[in-house]
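K.L.:
Structure incoming, see below.
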Protein chains: 2
Amino acid sequence: MVDIKIVNAVLSSLTATFKAAAKSVVKLQKPELVKDIGETRAIVSTIGFNGVLEGNVIYTLSEDTAKGIVGNMMGGMMEITEIDELALSAIGELGNMISGAIAISLEKIGYPINITPPSVVRGADMTVSVNGSILKFSGFIEETKEIDVYMVIK
Amino acid sequence: MVDIKIVNAVLSSLTATFKAAAKSVVKLQKPELVKDIGETRAIVSTIGFNGVLEGNVIYTLSEDTAKGIVGNMMGGMMEITEIDELALSAIGELGNMISGAIAISLEKIGYPINITPPSVVRGADMTVSVNGSILKFSGFIEETKEIDVYMVIK
């Protein structure tokens, strides 16, 4: 079983980070324990963590969602029309901020962890395999843009 | 600049792990510093690390290479005809062993790191974006099966 305090720490970190970094309101559905990650959207960001808990924070989003988020991260001054190396770097940095916020929240409730730098994979027909308990947080950014965040605890 | 001792530690760890875990001889070309990872093969395994150095160990291989490796890891008693969840788990485990061996080698030369659990992504037309110095180790397993290993140091 995953401690409910962990679930709440992840939820509040996600909401706060999207608000602060991407000037976006994220609405999250009730988190669920899933058996596998399976198929993903076109962009997958992975960040490992170790310490009292070890595993991965993985988030996946469509190119459209990514364009919206990166545009907001850049201050909304320019429209992002394609996902280039700079945009992927911003998506990685957002993953970094999310995981950093989760790490701070978890430390407060007695689960100190250290995170590693992100890797961002872009492709088609992707599936992700991991090992451990998988908590899935599905949500919408600005009402319409879908995003899924997985907290995998080995 | 990346310390040449790090390059040698990664090289010897790769060779030893493939020999021990996958009963395979891996022949590696001269490692090179590359600007980006760009396009990958059909399977990508990522493992983060932190400590004195932080970054990622990423390896990418075709489905055929994966079938050969997983078959060898299972003791060569059965031919692997498809990449299922079990095979992907074996590929993740191999990544774990490679990164563990790299961590032990790096500790010996004064660069202690901790690794995180692997994530394995399978898909098409994949590119990987990372941030840092990228050391690329290209090689062949059993003469014909291509594999690339990247050591990314932030």
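Residues are referred to by chain and number: the chain letter is A, B, ... according to the order shown in the structure tokens, the number counts from 1 in that chain, and ligands are numbered separately from 1 in the order shown.
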Excluding Ile4 (chain A) and any residue of its chain fewer than 6 positions from it, enumerate the residues within 12 Å of it, using only C-alpha atoms, and give them as a list in words.

P.N.:
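The filter keeps Val10, Leu11, Pro31, Glu32, Leu33, Leu106, Ile109 and Leu135 of chain A.
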
K.L.:
Residues of chain B within 8 Å of chain A, counting only C-alpha atoms, what are they? List them as number ranges by chain.

P.N.:
B: 46-50, 54-56, 85, 88-89, 92, 114-131, 154

K.L.:
Using DSSP assignments from the backbone, pull out every residue in region 17-90 of chain B that falls under strand (DSSP E) and give it to me as a ChimeraX atom specification.

P.N.:
/B:26-28,32-34,38-39,43-51,55-61

K.L.:
Could you take the residues named above and write them with N, CA and C atoms, as a JSON list (two decimals), in the first residue's frame?

P.N.:
```
[["chain", "number", "residue", "atom", "x", "y", "z"],
["B", 26, "VAL", "N", 30.52, -7.91, -25.99],
["B", 26, "VAL", "CA", 30.19, -6.62, -26.59],
["B", 26, "VAL", "C", 31.49, -5.98, -27.07],
["B", 27, "LYS", "N", 31.49, -5.57, -28.34],
["B", 27, "LYS", "CA", 32.66, -4.87, -28.89],
["B", 27, "LYS", "C", 32.31, -3.41, -29.03],
["B", 28, "LEU", "N", 33.05, -2.57, -28.32],
["B", 28, "LEU", "CA", 32.72, -1.14, -28.31],
["B", 28, "LEU", "C", 33.69, -0.34, -29.15],
["B", 32, "GLU", "N", 32.72, 8.67, -27.95],
["B", 32, "GLU", "CA", 32.81, 10.05, -28.45],
["B", 32, "GLU", "C", 31.86, 10.97, -27.68],
["B", 33, "LEU", "N", 32.23, 12.22, -27.60],
["B", 33, "LEU", "CA", 31.34, 13.24, -27.03],
["B", 33, "LEU", "C", 30.43, 13.71, -28.14],
["B", 34, "VAL", "N", 29.11, 13.63, -27.94],
["B", 34, "VAL", "CA", 28.18, 14.05, -28.98],
["B", 34, "VAL", "C", 27.33, 15.22, -28.48],
["B", 38, "GLY", "N", 19.44, 12.47, -30.18],
["B", 38, "GLY", "CA", 18.69, 12.38, -31.43],
["B", 38, "GLY", "C", 17.91, 11.09, -31.54],
["B", 39, "GLU", "N", 17.89, 10.53, -32.74],
["B", 39, "GLU", "CA", 17.03, 9.38, -32.99],
["B", 39, "GLU", "C", 17.60, 8.10, -32.35],
["B", 43, "ILE", "N", 13.86, 0.48, -28.64],
["B", 43, "ILE", "CA", 13.77, 0.34, -27.18],
["B", 43, "ILE", "C", 14.81, 1.25, -26.52],
["B", 44, "VAL", "N", 14.34, 2.01, -25.54],
["B", 44, "VAL", "CA", 15.23, 2.94, -24.81],
["B", 44, "VAL", "C", 15.08, 2.68, -23.32],
["B", 45, "SER", "N", 16.19, 2.43, -22.65],
["B", 45, "SER", "CA", 16.15, 2.27, -21.19],
["B", 45, "SER", "C", 16.90, 3.43, -20.55],
["B", 46, "THR", "N", 16.28, 4.05, -19.57],
["B", 46, "THR", "CA", 16.89, 5.20, -18.89],
["B", 46, "THR", "C", 17.03, 4.95, -17.40],
["B", 47, "ILE", "N", 18.19, 5.28, -16.88],
["B", 47, "ILE", "CA", 18.43, 5.18, -15.44],
["B", 47, "ILE", "C", 19.10, 6.47, -14.99],
["B", 48, "GLY", "N", 18.53, 7.10, -13.98],
["B", 48, "GLY", "CA", 19.12, 8.34, -13.47],
["B", 48, "GLY", "C", 20.17, 8.04, -12.41],
["B", 49, "PHE", "N", 21.07, 8.99, -12.21],
["B", 49, "PHE", "CA", 22.01, 8.87, -11.09],
["B", 49, "PHE", "C", 22.27, 10.24, -10.48],
["B", 50, "ASN", "N", 22.62, 10.23, -9.20],
["B", 50, "ASN", "CA", 22.99, 11.46, -8.52],
["B", 50, "ASN", "C", 24.09, 11.15, -7.50],
["B", 51, "GLY", "N", 24.61, 12.20, -6.90],
["B", 51, "GLY", "CA", 25.73, 12.06, -5.98],
["B", 51, "GLY", "C", 26.79, 13.08, -6.40],
["B", 55, "GLY", "N", 23.16, 12.69, -13.56],
["B", 55, "GLY", "CA", 22.80, 12.58, -14.97],
["B", 55, "GLY", "C", 22.01, 11.31, -15.23],
["B", 56, "ASN", "N", 22.24, 10.75, -16.42],
["B", 56, "ASN", "CA", 21.49, 9.56, -16.83],
["B", 56, "ASN", "C", 22.39, 8.59, -17.58],
["B", 57, "VAL", "N", 22.11, 7.30, -17.42],
["B", 57, "VAL", "CA", 22.66, 6.29, -18.32],
["B", 57, "VAL", "C", 21.50, 5.83, -19.20],
["B", 58, "ILE", "N", 21.68, 5.97, -20.51],
["B", 58, "ILE", "CA", 20.60, 5.66, -21.45],
["B", 58, "ILE", "C", 21.11, 4.64, -22.43],
["B", 59, "TYR", "N", 20.38, 3.54, -22.63],
["B", 59, "TYR", "CA", 20.83, 2.67, -23.71],
["B", 59, "TYR", "C", 19.69, 2.33, -24.63],
["B", 60, "THR", "N", 20.03, 2.17, -25.89],
["B", 60, "THR", "CA", 19.01, 1.97, -26.92],
["B", 60, "THR", "C", 19.41, 0.83, -27.84],
["B", 61, "LEU", "N", 18.44, 0.01, -28.17],
["B", 61, "LEU", "CA", 18.71, -1.17, -28.98],
["B", 61, "LEU", "C", 17.48, -1.54, -29.80]]
```

K.L.:
What's the 8 Å shell around Ala9 (chain A), counting only C-alpha atoms, without same-chain residues fewer than 2 positions away, as a VMD selection string?

P.N.:
chain A and resid 5 to 7 11 to 13 102 105 to 106

K.L.:
Smallest atom-to-atom distance to Ala101 (chain A): which of A:Ala66, A:Leu14, A:Ala21, A:Ala87, using only C-alpha atoms?

P.N.:
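Of all the options, A:Leu14 lies closest to Ala101 (chain A).
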
K.L.:
Enumerate, as a PyMOL selection string, the complete set of residues in region 42-153 of chain B that a backbone-based DSSP assignment places in alpha helix (DSSP H).

P.N.:
chain B and resi 63-73+85-108

K.L.:
Please dump the current selection as a CSV table (one decimal), in the first residue's frame; keep N, CA and C atoms.

P.N.:
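That gives us result-v5.csv:
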```
chain,number,residue,atom,x,y,z
B,63,GLU,N,14.7,-4.2,-31.5
B,63,GLU,CA,13.9,-5.4,-31.0
B,63,GLU,C,14.7,-6.7,-31.2
B,64,ASP,N,15.4,-6.8,-32.3
B,64,ASP,CA,16.2,-8.0,-32.6
B,64,ASP,C,17.3,-8.2,-31.6
B,65,THR,N,18.0,-7.1,-31.3
B,65,THR,CA,19.1,-7.1,-30.3
B,65,THR,C,18.5,-7.5,-29.0
B,66,ALA,N,17.4,-6.9,-28.6
B,66,ALA,CA,16.8,-7.2,-27.3
B,66,ALA,C,16.4,-8.6,-27.2
B,67,LYS,N,15.8,-9.2,-28.3
B,67,LYS,CA,15.5,-10.6,-28.3
B,67,LYS,C,16.7,-11.5,-28.0
B,68,GLY,N,17.8,-11.2,-28.6
B,68,GLY,CA,19.0,-12.0,-28.4
B,68,GLY,C,19.5,-11.8,-27.0
B,69,ILE,N,19.6,-10.6,-26.5
B,69,ILE,CA,20.1,-10.4,-25.1
B,69,ILE,C,19.2,-11.1,-24.1
B,70,VAL,N,17.9,-10.9,-24.2
B,70,VAL,CA,16.9,-11.5,-23.3
B,70,VAL,C,17.0,-13.0,-23.3
B,71,GLY,N,17.2,-13.6,-24.5
B,71,GLY,CA,17.3,-15.0,-24.6
B,71,GLY,C,18.6,-15.5,-23.9
B,72,ASN,N,19.7,-14.8,-24.0
B,72,ASN,CA,20.9,-15.1,-23.3
B,72,ASN,C,20.7,-14.9,-21.8
B,73,MET,N,20.0,-13.9,-21.4
B,73,MET,CA,19.8,-13.7,-19.9
B,73,MET,C,19.0,-14.8,-19.3
B,85,GLU,N,6.1,-8.0,-21.9
B,85,GLU,CA,6.3,-7.3,-20.7
B,85,GLU,C,7.5,-7.9,-19.9
B,86,LEU,N,7.6,-9.2,-20.0
B,86,LEU,CA,8.7,-9.9,-19.3
B,86,LEU,C,10.1,-9.5,-19.9
B,87,ALA,N,10.1,-9.5,-21.2
B,87,ALA,CA,11.3,-9.2,-21.9
B,87,ALA,C,11.7,-7.7,-21.6
B,88,LEU,N,10.8,-6.8,-21.6
B,88,LEU,CA,11.1,-5.4,-21.3
B,88,LEU,C,11.6,-5.3,-19.9
B,89,SER,N,11.0,-6.1,-19.0
B,89,SER,CA,11.5,-6.1,-17.6
B,89,SER,C,13.0,-6.6,-17.5
B,90,ALA,N,13.3,-7.6,-18.3
B,90,ALA,CA,14.7,-8.1,-18.4
B,90,ALA,C,15.6,-7.0,-18.9
B,91,ILE,N,15.2,-6.3,-19.9
B,91,ILE,CA,16.0,-5.2,-20.5
B,91,ILE,C,16.2,-4.1,-19.4
B,92,GLY,N,15.2,-3.8,-18.6
B,92,GLY,CA,15.3,-2.8,-17.5
B,92,GLY,C,16.3,-3.3,-16.5
B,93,GLU,N,16.2,-4.6,-16.2
B,93,GLU,CA,17.1,-5.2,-15.2
B,93,GLU,C,18.6,-5.2,-15.7
B,94,LEU,N,18.8,-5.4,-17.0
B,94,LEU,CA,20.1,-5.3,-17.6
B,94,LEU,C,20.7,-3.9,-17.4
B,95,GLY,N,19.8,-2.9,-17.7
B,95,GLY,CA,20.2,-1.5,-17.5
B,95,GLY,C,20.6,-1.2,-16.0
B,96,ASN,N,19.8,-1.8,-15.1
B,96,ASN,CA,20.1,-1.7,-13.7
B,96,ASN,C,21.5,-2.3,-13.4
B,97,MET,N,21.8,-3.4,-14.0
B,97,MET,CA,23.1,-4.1,-13.7
B,97,MET,C,24.2,-3.3,-14.3
B,98,ILE,N,24.0,-2.8,-15.5
B,98,ILE,CA,25.0,-1.9,-16.2
B,98,ILE,C,25.3,-0.7,-15.3
B,99,SER,N,24.2,0.0,-14.9
B,99,SER,CA,24.4,1.2,-14.1
B,99,SER,C,25.0,0.9,-12.7
B,100,GLY,N,24.6,-0.2,-12.1
B,100,GLY,CA,25.2,-0.6,-10.9
B,100,GLY,C,26.7,-0.9,-11.0
B,101,ALA,N,27.1,-1.5,-12.1
B,101,ALA,CA,28.5,-1.8,-12.3
B,101,ALA,C,29.3,-0.5,-12.5
B,102,ILE,N,28.6,0.5,-13.3
B,102,ILE,CA,29.2,1.8,-13.5
B,102,ILE,C,29.4,2.5,-12.1
B,103,ALA,N,28.4,2.4,-11.3
B,103,ALA,CA,28.4,3.1,-10.0
B,103,ALA,C,29.6,2.5,-9.1
B,104,ILE,N,29.8,1.2,-9.1
B,104,ILE,CA,30.8,0.6,-8.4
B,104,ILE,C,32.2,1.1,-8.9
B,105,SER,N,32.3,1.1,-10.2
B,105,SER,CA,33.6,1.5,-10.9
B,105,SER,C,33.9,3.0,-10.5
B,106,LEU,N,32.9,3.8,-10.6
B,106,LEU,CA,33.1,5.2,-10.4
B,106,LEU,C,33.4,5.5,-8.9
B,107,GLU,N,32.9,4.7,-8.0
B,107,GLU,CA,33.2,4.9,-6.6
B,107,GLU,C,34.7,4.6,-6.4
B,108,LYS,N,35.2,3.6,-7.1
B,108,LYS,CA,36.6,3.2,-6.9
B,108,LYS,C,37.6,4.4,-7.3
```
